[in-house]
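Asker: One structure, as structure tokens, below. Some questions next.
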Amino acid sequence: MSTTATITETESAAAAAATGDITAANILRQFGDEVNTAVIGVTPEGQERARAAPDAELAGYDEEQIRLMDEVCIVLDKDDTPIGSASKKTCHLMSNIDRGLLHRAFSVFLFDPSGRLLLQQRASEKITFPDMWTNTCCSHPLGVPGEAGVGGLEASVQGVRRAAQRKLGHELGIKPADVPLDKFVFLTRIHYKAPSDGKWGEHEIDYILFIRADPTVEPNPNEVRDTRYVSADELRAMFEDDNLKFTPWFKLICNSMLFEWWENLDSGLEKYLGETEIRRM
């Protein structure tokens, strides 16, 4: 490919990302074999290529967090339709995000019986958004059977519920029996983009899940630095503390609908259910 052609393609990709033209055709043309079109998992050839390739982008980070960057996220078009799958690393590089690469995520808000919200502070070892306070659990359904959610919104929500149950165990030591799948309440999806630093960031369609539970919490120190149950007023006070930092998706959710949902946790949450539109933020 000539230099002129390369520049033209790069400019075209940036324009497509800026205008929201995140389609299967555009993504697959730009990323080629970095996106596995089978959605479920990655090819053996792709796994071998990933293991063999030197990984300068991940040099110096925590070994366990580097290992987790091999997990396979679900690559989406702008309407939340799965295009394929790609590594967590591929999906979180800002150089790829700025060209429109988009993946599926979830955010769990776990409330105790008295209505307090469980927050976590992300571990210092995390590659993206270390040491920031956020909602109970934030992660990704994987491109694997049971979580990929191919076949419409209902299947996607169920896949996200399974992923949420898995990650609550991994990050916070919460047993599946304490967070049954049918107790996760799906509220909405948000589409947002946020940098972590110059290298890493997020570009996600994020499924918002509420659950009421009283679990035993045993945080994984490689994932979670601290936890805290808070009331709505206590969370508002935390936002006023300049010494605390919060993840961008958590702030977006709080500044839009969280406190209204929270006020109706006991008596009127049903009126917010059944939303099918994606909130663009």
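Identifiers in the structure tokens: chain A, B, ... in order shown; residue index from 1 per chain; ligand index from 1 in order shown.
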Just the residues within 7 Å of Cys137 (chain A), please, counting only C-alpha atoms, with nothing from its chain fewer than 3 positions along; format it as a ChimeraX atom specification.

Answerer: /A:107-108,168

Asker: For the residues selected in the previous step, produce a file with all heavy atoms as a CSV table (one decimal), in the first residue's frame.

Answerer:
```csv
chain,number,residue,atom,x,y,z
A,107,SER,N,-22.1,-2.9,34.0
A,107,SER,CA,-21.9,-2.2,35.3
A,107,SER,C,-22.9,-2.7,36.3
A,107,SER,O,-24.1,-2.5,36.1
A,107,SER,CB,-21.9,-0.7,35.2
A,107,SER,OG,-20.8,-0.2,34.5
A,108,VAL,N,-22.5,-3.4,37.4
A,108,VAL,CA,-23.3,-3.9,38.4
A,108,VAL,C,-23.4,-2.9,39.6
A,108,VAL,O,-22.4,-2.4,40.0
A,108,VAL,CB,-22.9,-5.2,39.0
A,108,VAL,CG1,-23.7,-5.7,40.2
A,108,VAL,CG2,-22.9,-6.3,37.9
A,168,LEU,N,-18.3,-10.8,39.8
A,168,LEU,CA,-18.5,-10.6,41.3
A,168,LEU,C,-17.7,-11.6,42.1
A,168,LEU,O,-17.2,-11.2,43.2
A,168,LEU,CB,-20.0,-10.6,41.6
A,168,LEU,CG,-20.8,-9.4,41.2
A,168,LEU,CD1,-22.3,-9.6,41.2
A,168,LEU,CD2,-20.4,-8.1,42.0
```

Asker: For Ser114 (chain A), which residue out of A:Ala232, A:Val75, A:Ile278, A:Ile208 is the nearest one, using only C-alpha atoms?

Answerer: A:Ala232

Asker: Got a sec to tell me which of region 87-235 of chain A DSSP assigns to strand (DSSP E or B), as an MDAnalysis selection string?

Answerer: chainID A and resid 87 93 103:111 117:122 133:134 137:139 142 185:195 200:212 224:230

Asker: Kindly export the residues of the current selection with C-alpha atoms, as a compact mmCIF listing (two decimals), in the first residue's frame.

Answerer:
```
# COMPACT_ATOMS: atom_id res chain seq x y z
CA SER A 87 -8.67 -9.43 22.90
CA LEU A 93 -5.90 0.60 23.17
CA HIS A 103 -17.11 -3.59 22.72
CA ARG A 104 -19.76 -4.76 25.19
CA ALA A 105 -19.51 -4.20 28.95
CA PHE A 106 -21.63 -4.21 32.10
CA SER A 107 -21.85 -2.23 35.33
CA VAL A 108 -23.35 -3.88 38.43
CA PHE A 109 -24.88 -1.83 41.24
CA LEU A 110 -25.34 -4.05 44.31
CA PHE A 111 -27.53 -2.67 47.09
CA LEU A 117 -24.73 0.81 47.42
CA LEU A 118 -21.53 -1.25 47.49
CA LEU A 119 -18.64 0.67 45.91
CA GLN A 120 -15.19 -0.57 45.09
CA GLN A 121 -11.89 1.21 44.62
CA ARG A 122 -10.00 -0.35 41.74
CA TRP A 133 -13.72 4.53 42.92
CA THR A 134 -16.57 3.02 40.97
CA CYS A 137 -18.36 -4.33 39.62
CA CYS A 138 -17.53 -3.22 36.06
CA SER A 139 -16.29 -5.63 33.43
CA LEU A 142 -16.63 -12.60 27.05
CA VAL A 185 -32.42 -6.34 37.03
CA PHE A 186 -31.49 -4.85 33.63
CA LEU A 187 -32.22 -1.12 33.34
CA THR A 188 -30.59 0.30 30.22
CA ARG A 189 -27.50 0.47 27.99
CA ILE A 190 -25.15 3.43 27.66
CA HIS A 191 -22.71 4.05 24.82
CA TYR A 192 -19.71 6.09 25.94
CA LYS A 193 -16.03 6.66 25.18
CA ALA A 194 -13.43 7.65 27.79
CA PRO A 195 -9.62 7.71 27.88
CA TRP A 200 -5.57 2.96 27.23
CA GLY A 201 -9.27 3.75 27.43
CA GLU A 202 -12.84 2.51 27.12
CA HIS A 203 -15.35 2.56 24.27
CA GLU A 204 -18.31 0.49 25.36
CA ILE A 205 -21.97 -0.24 25.20
CA ASP A 206 -22.45 -0.75 28.91
CA TYR A 207 -25.37 -2.76 30.34
CA ILE A 208 -26.61 -1.40 33.69
CA LEU A 209 -27.63 -4.07 36.21
CA PHE A 210 -29.13 -3.62 39.69
CA ILE A 211 -29.23 -6.36 42.31
CA ARG A 212 -30.40 -6.42 45.95
CA VAL A 224 -9.91 -4.27 44.40
CA ARG A 225 -8.07 -1.89 46.72
CA ASP A 226 -11.02 -1.02 48.97
CA THR A 227 -14.80 -1.39 49.33
CA ARG A 228 -17.45 0.74 50.95
CA TYR A 229 -21.23 0.67 51.40
CA VAL A 230 -22.73 4.15 51.00
```

Asker: Would you please give, as a compact mmCIF listing (two decimals) with all heavy atoms, in the first residue's frame, all residues of region 126-269 of chain A that DSSP assigns to helix (DSSP H, G or I) based on the backbone?

Answerer:
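Produced file selection.txt, reproduced below:
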```
# COMPACT_ATOMS: atom_id res chain seq x y z
N LEU A 153 -31.64 -8.70 22.21
CA LEU A 153 -31.41 -8.05 23.50
C LEU A 153 -31.59 -9.02 24.67
O LEU A 153 -30.79 -9.01 25.62
CB LEU A 153 -32.33 -6.85 23.65
CG LEU A 153 -32.18 -6.03 24.94
CD1 LEU A 153 -30.75 -5.54 25.12
CD2 LEU A 153 -33.17 -4.86 24.95
N GLU A 154 -32.62 -9.84 24.64
CA GLU A 154 -32.86 -10.75 25.76
C GLU A 154 -31.68 -11.70 25.96
O GLU A 154 -31.23 -11.93 27.10
CB GLU A 154 -34.14 -11.55 25.52
CG GLU A 154 -34.51 -12.46 26.69
CD GLU A 154 -35.84 -13.17 26.48
OE1 GLU A 154 -36.60 -12.76 25.58
OE2 GLU A 154 -36.11 -14.13 27.22
N ALA A 155 -31.14 -12.24 24.86
CA ALA A 155 -29.99 -13.13 24.96
C ALA A 155 -28.76 -12.37 25.45
O ALA A 155 -27.96 -12.89 26.23
CB ALA A 155 -29.69 -13.78 23.60
N SER A 156 -28.61 -11.13 25.00
CA SER A 156 -27.47 -10.32 25.44
C SER A 156 -27.55 -10.03 26.93
O SER A 156 -26.53 -10.10 27.64
CB SER A 156 -27.43 -9.01 24.65
OG SER A 156 -27.26 -9.26 23.27
N VAL A 157 -28.73 -9.70 27.43
CA VAL A 157 -28.90 -9.42 28.86
C VAL A 157 -28.57 -10.66 29.68
O VAL A 157 -27.89 -10.58 30.72
CB VAL A 157 -30.33 -8.93 29.15
CG1 VAL A 157 -30.59 -8.87 30.66
CG2 VAL A 157 -30.56 -7.55 28.53
N GLN A 158 -29.01 -11.82 29.22
CA GLN A 158 -28.72 -13.04 29.97
C GLN A 158 -27.22 -13.34 29.97
O GLN A 158 -26.67 -13.77 30.99
CB GLN A 158 -29.51 -14.22 29.38
CG GLN A 158 -29.52 -15.47 30.26
CD GLN A 158 -30.23 -15.28 31.60
OE1 GLN A 158 -30.84 -14.24 31.86
NE2 GLN A 158 -30.14 -16.28 32.46
N GLY A 159 -26.56 -13.10 28.85
CA GLY A 159 -25.11 -13.28 28.80
C GLY A 159 -24.40 -12.34 29.76
O GLY A 159 -23.43 -12.72 30.44
N VAL A 160 -24.87 -11.11 29.84
CA VAL A 160 -24.29 -10.13 30.75
C VAL A 160 -24.53 -10.54 32.20
O VAL A 160 -23.65 -10.36 33.06
CB VAL A 160 -24.87 -8.73 30.43
CG1 VAL A 160 -24.64 -7.77 31.57
CG2 VAL A 160 -24.26 -8.18 29.14
N ARG A 161 -25.70 -11.07 32.50
CA ARG A 161 -25.96 -11.54 33.87
C ARG A 161 -24.96 -12.62 34.27
O ARG A 161 -24.42 -12.62 35.39
CB ARG A 161 -27.38 -12.08 33.99
CG ARG A 161 -28.48 -11.04 33.95
CD ARG A 161 -29.83 -11.69 34.20
NE ARG A 161 -30.92 -10.72 34.25
CZ ARG A 161 -31.94 -10.70 33.39
NH1 ARG A 161 -32.00 -11.60 32.40
NH2 ARG A 161 -32.88 -9.80 33.50
N ARG A 162 -24.70 -13.56 33.38
CA ARG A 162 -23.74 -14.63 33.68
C ARG A 162 -22.34 -14.04 33.91
O ARG A 162 -21.62 -14.46 34.82
CB ARG A 162 -23.71 -15.65 32.55
CG ARG A 162 -25.00 -16.46 32.40
CD ARG A 162 -24.82 -17.60 31.42
NE ARG A 162 -26.06 -18.34 31.22
CZ ARG A 162 -26.87 -18.19 30.17
NH1 ARG A 162 -26.54 -17.34 29.20
NH2 ARG A 162 -27.98 -18.89 30.08
N ALA A 163 -21.96 -13.08 33.06
CA ALA A 163 -20.66 -12.45 33.22
C ALA A 163 -20.58 -11.68 34.54
O ALA A 163 -19.55 -11.70 35.22
CB ALA A 163 -20.39 -11.51 32.04
N ALA A 164 -21.66 -11.02 34.91
CA ALA A 164 -21.68 -10.26 36.16
C ALA A 164 -21.51 -11.19 37.36
O ALA A 164 -20.75 -10.89 38.29
CB ALA A 164 -22.99 -9.49 36.27
N GLN A 165 -22.20 -12.31 37.34
CA GLN A 165 -22.06 -13.27 38.43
C GLN A 165 -20.63 -13.78 38.52
O GLN A 165 -20.06 -13.90 39.62
CB GLN A 165 -23.04 -14.43 38.21
CG GLN A 165 -23.16 -15.38 39.38
CD GLN A 165 -24.08 -16.55 39.04
OE1 GLN A 165 -23.76 -17.38 38.19
NE2 GLN A 165 -25.23 -16.60 39.69
N ARG A 166 -20.03 -14.08 37.37
CA ARG A 166 -18.64 -14.56 37.33
C ARG A 166 -17.68 -13.51 37.90
O ARG A 166 -16.81 -13.82 38.72
CB ARG A 166 -18.27 -14.91 35.89
CG ARG A 166 -16.78 -15.21 35.67
CD ARG A 166 -16.49 -15.61 34.23
NE ARG A 166 -16.89 -14.60 33.25
CZ ARG A 166 -16.18 -13.52 32.95
NH1 ARG A 166 -15.01 -13.29 33.55
NH2 ARG A 166 -16.61 -12.67 32.02
N LYS A 167 -17.82 -12.26 37.47
CA LYS A 167 -16.87 -11.23 37.89
C LYS A 167 -17.07 -10.79 39.33
O LYS A 167 -16.12 -10.39 40.00
CB LYS A 167 -16.96 -10.03 36.95
CG LYS A 167 -16.37 -10.28 35.59
CD LYS A 167 -14.89 -10.66 35.63
CE LYS A 167 -13.99 -9.51 36.05
NZ LYS A 167 -12.54 -9.89 35.96
N LEU A 168 -18.29 -10.83 39.84
CA LEU A 168 -18.49 -10.56 41.26
C LEU A 168 -17.72 -11.56 42.11
O LEU A 168 -17.18 -11.22 43.17
CB LEU A 168 -19.98 -10.58 41.60
CG LEU A 168 -20.78 -9.35 41.16
CD1 LEU A 168 -22.28 -9.63 41.24
CD2 LEU A 168 -20.43 -8.13 42.00
N GLY A 169 -17.66 -12.80 41.63
CA GLY A 169 -16.86 -13.80 42.31
C GLY A 169 -15.37 -13.52 42.20
O GLY A 169 -14.63 -13.58 43.19
N HIS A 170 -14.94 -13.21 40.99
CA HIS A 170 -13.51 -12.97 40.76
C HIS A 170 -12.99 -11.74 41.50
O HIS A 170 -11.92 -11.77 42.12
CB HIS A 170 -13.27 -12.81 39.25
CG HIS A 170 -11.86 -12.43 38.90
ND1 HIS A 170 -11.56 -11.39 38.05
CD2 HIS A 170 -10.66 -12.94 39.29
CE1 HIS A 170 -10.25 -11.29 37.93
NE2 HIS A 170 -9.69 -12.20 38.68
N GLU A 171 -13.72 -10.65 41.46
CA GLU A 171 -13.24 -9.39 42.03
C GLU A 171 -13.52 -9.28 43.53
O GLU A 171 -12.69 -8.75 44.27
CB GLU A 171 -13.88 -8.21 41.31
CG GLU A 171 -13.44 -8.08 39.85
CD GLU A 171 -13.95 -6.81 39.20
OE1 GLU A 171 -14.62 -6.00 39.89
OE2 GLU A 171 -13.69 -6.61 38.01
N LEU A 172 -14.68 -9.74 43.96
CA LEU A 172 -15.14 -9.47 45.33
C LEU A 172 -15.40 -10.72 46.15
O LEU A 172 -15.83 -10.62 47.30
CB LEU A 172 -16.41 -8.62 45.28
CG LEU A 172 -16.20 -7.20 44.73
CD1 LEU A 172 -17.52 -6.60 44.28
CD2 LEU A 172 -15.52 -6.32 45.76
N PRO A 176 -21.89 -17.26 43.83
CA PRO A 176 -23.03 -17.22 42.91
C PRO A 176 -24.37 -17.38 43.61
O PRO A 176 -25.36 -16.75 43.20
CB PRO A 176 -22.75 -18.39 41.96
CG PRO A 176 -21.27 -18.55 41.97
CD PRO A 176 -20.84 -18.21 43.37
N ALA A 177 -24.42 -18.19 44.65
CA ALA A 177 -25.69 -18.40 45.36
C ALA A 177 -26.21 -17.11 45.99
O ALA A 177 -27.42 -16.97 46.20
CB ALA A 177 -25.51 -19.47 46.44
N ASP A 178 -25.32 -16.17 46.28
CA ASP A 178 -25.74 -14.90 46.88
C ASP A 178 -26.21 -13.89 45.84
O ASP A 178 -26.81 -12.86 46.21
CB ASP A 178 -24.58 -14.28 47.68
CG ASP A 178 -24.28 -15.05 48.95
OD1 ASP A 178 -25.19 -15.73 49.46
OD2 ASP A 178 -23.14 -14.98 49.43
N LEU A 181 -28.85 -15.43 39.08
CA LEU A 181 -29.01 -14.76 37.80
C LEU A 181 -30.34 -14.04 37.69
O LEU A 181 -30.41 -12.92 37.15
CB LEU A 181 -28.87 -15.77 36.66
CG LEU A 181 -27.50 -16.41 36.45
CD1 LEU A 181 -27.55 -17.36 35.26
CD2 LEU A 181 -26.42 -15.35 36.23
N ASP A 182 -31.42 -14.65 38.20
CA ASP A 182 -32.73 -14.05 38.03
C ASP A 182 -32.97 -12.84 38.93
O ASP A 182 -34.00 -12.17 38.81
CB ASP A 182 -33.84 -15.09 38.23
CG ASP A 182 -33.87 -15.70 39.62
OD1 ASP A 182 -32.98 -15.36 40.45
OD2 ASP A 182 -34.77 -16.51 39.90
N LYS A 183 -32.01 -12.52 39.80
CA LYS A 183 -32.15 -11.35 40.66
C LYS A 183 -31.51 -10.10 40.06
O LYS A 183 -31.72 -8.99 40.56
CB LYS A 183 -31.55 -11.63 42.04
CG LYS A 183 -32.23 -12.76 42.81
CD LYS A 183 -33.70 -12.46 43.07
CE LYS A 183 -34.35 -13.55 43.91
NZ LYS A 183 -35.80 -13.30 44.12
N ALA A 232 -27.07 7.31 49.42
CA ALA A 232 -27.04 8.28 48.33
C ALA A 232 -26.37 9.58 48.79
O ALA A 232 -25.56 10.17 48.06
CB ALA A 232 -28.45 8.55 47.83
N ASP A 233 -26.67 10.03 50.00
CA ASP A 233 -26.07 11.27 50.51
C ASP A 233 -24.57 11.09 50.73
O ASP A 233 -23.79 12.03 50.48
CB ASP A 233 -26.75 11.70 51.80
CG ASP A 233 -28.14 12.28 51.57
OD1 ASP A 233 -28.43 12.68 50.42
OD2 ASP A 233 -28.93 12.33 52.52
N GLU A 234 -24.17 9.94 51.20
CA GLU A 234 -22.73 9.68 51.40
C GLU A 234 -21.99 9.66 50.07
O GLU A 234 -20.85 10.14 49.97
CB GLU A 234 -22.54 8.37 52.16
CG GLU A 234 -22.92 8.47 53.63
CD GLU A 234 -22.98 7.12 54.31
OE1 GLU A 234 -23.19 6.09 53.62
OE2 GLU A 234 -22.84 7.09 55.55
N LEU A 235 -22.62 9.12 49.02
CA LEU A 235 -21.97 9.13 47.71
C LEU A 235 -21.86 10.56 47.19
O LEU A 235 -20.82 10.95 46.63
CB LEU A 235 -22.76 8.27 46.72
CG LEU A 235 -22.20 8.22 45.31
CD1 LEU A 235 -20.75 7.77 45.29
CD2 LEU A 235 -23.06 7.29 44.42
N ARG A 236 -22.88 11.36 47.36
CA ARG A 236 -22.81 12.76 46.94
C ARG A 236 -21.66 13.48 47.66
O ARG A 236 -20.94 14.29 47.06
CB ARG A 236 -24.13 13.47 47.20
CG ARG A 236 -25.28 13.02 46.30
CD ARG A 236 -26.51 13.89 46.53
NE ARG A 236 -27.62 13.52 45.66
CZ ARG A 236 -28.64 12.74 46.03
NH1 ARG A 236 -28.67 12.25 47.28
NH2 ARG A 236 -29.61 12.45 45.20
N ALA A 237 -21.47 13.17 48.94
CA ALA A 237 -20.38 13.78 49.70
C ALA A 237 -19.03 13.32 49.17
O ALA A 237 -18.07 14.13 49.12
CB ALA A 237 -20.52 13.45 51.18
N MET A 238 -18.93 12.07 48.76
CA MET A 238 -17.68 11.59 48.18
C MET A 238 -17.33 12.36 46.91
O MET A 238 -16.17 12.66 46.64
CB MET A 238 -17.78 10.09 47.88
CG MET A 238 -17.76 9.19 49.11
SD MET A 238 -17.93 7.42 48.67
CE MET A 238 -16.34 7.09 47.88
N PHE A 239 -18.34 12.67 46.10
CA PHE A 239 -18.09 13.41 44.87
C PHE A 239 -17.54 14.81 45.15
O PHE A 239 -16.89 15.41 44.29
CB PHE A 239 -19.37 13.52 44.03
CG PHE A 239 -19.76 12.25 43.33
CD1 PHE A 239 -21.10 11.91 43.16
CD2 PHE A 239 -18.81 11.39 42.82
CE1 PHE A 239 -21.47 10.75 42.51
CE2 PHE A 239 -19.16 10.22 42.17
CZ PHE A 239 -20.50 9.89 42.02
N PRO A 248 -15.00 7.24 34.77
CA PRO A 248 -15.88 8.10 33.97
C PRO A 248 -17.26 7.51 33.75
O PRO A 248 -18.25 8.25 33.74
CB PRO A 248 -15.12 8.27 32.65
CG PRO A 248 -14.11 7.17 32.63
CD PRO A 248 -13.76 6.88 34.05
N TRP A 249 -17.36 6.18 33.58
CA TRP A 249 -18.69 5.61 33.36
C TRP A 249 -19.55 5.73 34.61
O TRP A 249 -20.75 5.97 34.52
CB TRP A 249 -18.59 4.15 32.90
CG TRP A 249 -17.94 3.22 33.87
CD1 TRP A 249 -18.53 2.55 34.90
CD2 TRP A 249 -16.55 2.87 33.90
NE1 TRP A 249 -17.59 1.79 35.57
CE2 TRP A 249 -16.38 1.97 34.99
CE3 TRP A 249 -15.44 3.20 33.12
CZ2 TRP A 249 -15.13 1.41 35.30
CZ3 TRP A 249 -14.21 2.65 33.43
CH2 TRP A 249 -14.06 1.77 34.51
N PHE A 250 -18.94 5.60 35.78
CA PHE A 250 -19.68 5.73 37.02
C PHE A 250 -20.22 7.15 37.18
O PHE A 250 -21.38 7.36 37.54
CB PHE A 250 -18.77 5.35 38.20
CG PHE A 250 -19.44 5.38 39.54
CD1 PHE A 250 -20.67 4.78 39.74
CD2 PHE A 250 -18.83 6.00 40.62
CE1 PHE A 250 -21.29 4.79 40.98
CE2 PHE A 250 -19.43 6.02 41.87
CZ PHE A 250 -20.66 5.41 42.05
N LYS A 251 -19.39 8.14 36.88
CA LYS A 251 -19.84 9.53 36.95
C LYS A 251 -20.96 9.80 35.95
O LYS A 251 -21.94 10.49 36.26
CB LYS A 251 -18.67 10.49 36.69
CG LYS A 251 -17.63 10.53 37.79
CD LYS A 251 -18.17 11.11 39.08
CE LYS A 251 -18.44 12.60 39.04
NZ LYS A 251 -17.24 13.43 39.04
N LEU A 252 -20.84 9.24 34.72
CA LEU A 252 -21.89 9.42 33.73
C LEU A 252 -23.22 8.86 34.21
O LEU A 252 -24.26 9.49 34.07
CB LEU A 252 -21.49 8.74 32.41
CG LEU A 252 -20.48 9.46 31.52
CD1 LEU A 252 -20.05 8.54 30.38
CD2 LEU A 252 -21.07 10.75 30.96
N ILE A 253 -23.18 7.65 34.77
CA ILE A 253 -24.40 7.01 35.24
C ILE A 253 -24.99 7.78 36.42
O ILE A 253 -26.20 8.00 36.50
CB ILE A 253 -24.12 5.54 35.60
CG1 ILE A 253 -23.70 4.74 34.35
CG2 ILE A 253 -25.36 4.89 36.24
CD1 ILE A 253 -23.05 3.42 34.66
N CYS A 254 -24.13 8.21 37.34
CA CYS A 254 -24.60 8.98 38.50
C CYS A 254 -25.21 10.32 38.08
O CYS A 254 -26.23 10.75 38.63
CB CYS A 254 -23.45 9.21 39.47
SG CYS A 254 -22.90 7.73 40.34
N ASN A 255 -24.58 10.98 37.12
CA ASN A 255 -25.05 12.30 36.70
C ASN A 255 -26.29 12.24 35.81
O ASN A 255 -26.90 13.28 35.55
CB ASN A 255 -23.93 13.04 35.95
CG ASN A 255 -22.80 13.45 36.87
OD1 ASN A 255 -23.00 13.60 38.07
ND2 ASN A 255 -21.61 13.61 36.32
N SER A 256 -26.65 11.04 35.36
CA SER A 256 -27.85 10.93 34.53
C SER A 256 -29.02 10.35 35.33
O SER A 256 -29.93 11.09 35.71
CB SER A 256 -27.56 10.09 33.28
OG SER A 256 -27.01 8.82 33.64
N MET A 257 -28.98 9.07 35.66
CA MET A 257 -30.17 8.43 36.21
C MET A 257 -30.01 7.74 37.55
O MET A 257 -31.00 7.37 38.17
CB MET A 257 -30.70 7.41 35.20
CG MET A 257 -31.30 8.00 33.94
SD MET A 257 -32.79 8.99 34.25
CE MET A 257 -33.94 7.73 34.77
N LEU A 258 -28.78 7.53 38.04
CA LEU A 258 -28.62 6.67 39.20
C LEU A 258 -29.44 7.10 40.40
O LEU A 258 -30.14 6.30 41.01
CB LEU A 258 -27.14 6.56 39.60
CG LEU A 258 -26.92 5.73 40.88
CD1 LEU A 258 -27.31 4.28 40.66
CD2 LEU A 258 -25.50 5.84 41.38
N PHE A 259 -29.37 8.37 40.76
CA PHE A 259 -30.02 8.79 42.00
C PHE A 259 -31.54 8.70 41.89
O PHE A 259 -32.22 8.38 42.87
CB PHE A 259 -29.57 10.20 42.37
CG PHE A 259 -28.13 10.25 42.82
CD1 PHE A 259 -27.16 10.82 42.01
CD2 PHE A 259 -27.74 9.70 44.03
CE1 PHE A 259 -25.83 10.86 42.41
CE2 PHE A 259 -26.42 9.73 44.44
CZ PHE A 259 -25.45 10.31 43.63
N GLU A 260 -32.08 8.91 40.70
CA GLU A 260 -33.53 8.72 40.52
C GLU A 260 -33.90 7.25 40.65
O GLU A 260 -34.89 6.90 41.30
CB GLU A 260 -33.96 9.26 39.15
CG GLU A 260 -35.46 9.16 38.92
CD GLU A 260 -35.90 9.77 37.59
OE1 GLU A 260 -35.16 10.63 37.06
OE2 GLU A 260 -36.97 9.38 37.09
N TRP A 261 -33.12 6.39 40.01
CA TRP A 261 -33.37 4.95 40.16
C TRP A 261 -33.28 4.55 41.63
O TRP A 261 -34.11 3.79 42.13
CB TRP A 261 -32.34 4.15 39.37
CG TRP A 261 -32.48 4.20 37.88
CD1 TRP A 261 -33.62 4.35 37.15
CD2 TRP A 261 -31.42 4.08 36.93
NE1 TRP A 261 -33.34 4.33 35.81
CE2 TRP A 261 -31.99 4.16 35.64
CE3 TRP A 261 -30.04 3.91 37.02
CZ2 TRP A 261 -31.23 4.07 34.48
CZ3 TRP A 261 -29.28 3.81 35.87
CH2 TRP A 261 -29.88 3.90 34.60
N TRP A 262 -32.26 5.05 42.28
CA TRP A 262 -32.00 4.70 43.69
C TRP A 262 -33.19 5.09 44.57
O TRP A 262 -33.60 4.33 45.46
CB TRP A 262 -30.74 5.42 44.13
CG TRP A 262 -30.02 4.86 45.31
CD1 TRP A 262 -30.50 4.03 46.28
CD2 TRP A 262 -28.65 5.12 45.65
NE1 TRP A 262 -29.53 3.76 47.22
CE2 TRP A 262 -28.38 4.42 46.85
CE3 TRP A 262 -27.64 5.89 45.08
CZ2 TRP A 262 -27.12 4.45 47.47
CZ3 TRP A 262 -26.40 5.92 45.69
CH2 TRP A 262 -26.14 5.21 46.87
N GLU A 263 -33.76 6.26 44.34
CA GLU A 263 -34.91 6.71 45.13
C GLU A 263 -36.10 5.78 44.97
O GLU A 263 -36.95 5.69 45.87
CB GLU A 263 -35.31 8.12 44.69
CG GLU A 263 -34.35 9.21 45.14
CD GLU A 263 -34.73 10.57 44.57
OE1 GLU A 263 -35.78 10.64 43.88
OE2 GLU A 263 -34.00 11.54 44.82
N LEU A 269 -39.28 0.81 40.88
CA LEU A 269 -38.26 0.57 39.85
C LEU A 269 -38.86 0.00 38.57
O LEU A 269 -38.30 0.18 37.48
CB LEU A 269 -37.19 -0.37 40.40
CG LEU A 269 -35.81 -0.33 39.75
CD1 LEU A 269 -35.20 1.05 39.81
CD2 LEU A 269 -34.88 -1.35 40.40
```

Asker: Nearest to Leu244 (chain A) among A:Leu58, A:Met132, A:Asn222, A:Tyr272, with distances taken over only C-alpha atoms: which residue is it?

Answerer: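 Of the candidates, the smallest distance to Leu244 (chain A) is held by A:Met132.
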
Asker: Could you jot down the CA of Lys199 (chain A) to CA of Ser95 (chain A) separation for me, Å, one decimal place?

Answerer: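 Spanning CA of Lys199 (chain A) to CA of Ser95 (chain A) is a straight-line distance of 7.4 Å.
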
Asker: Show me, as a list in words, the residues that have an atom within 12 Å of Arg67 (chain A) when counting only C-alpha atoms, minus same-chain residues fewer than 5 positions from it.

Answerer: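 After dropping sequence-adjacent residues, the list is Ala50, Arg51, Asp55, Leu58, Ala59, Tyr61, Asp62, Val72, Ser87, Lys88, Lys89, Lys126 and Ile127 of chain A.
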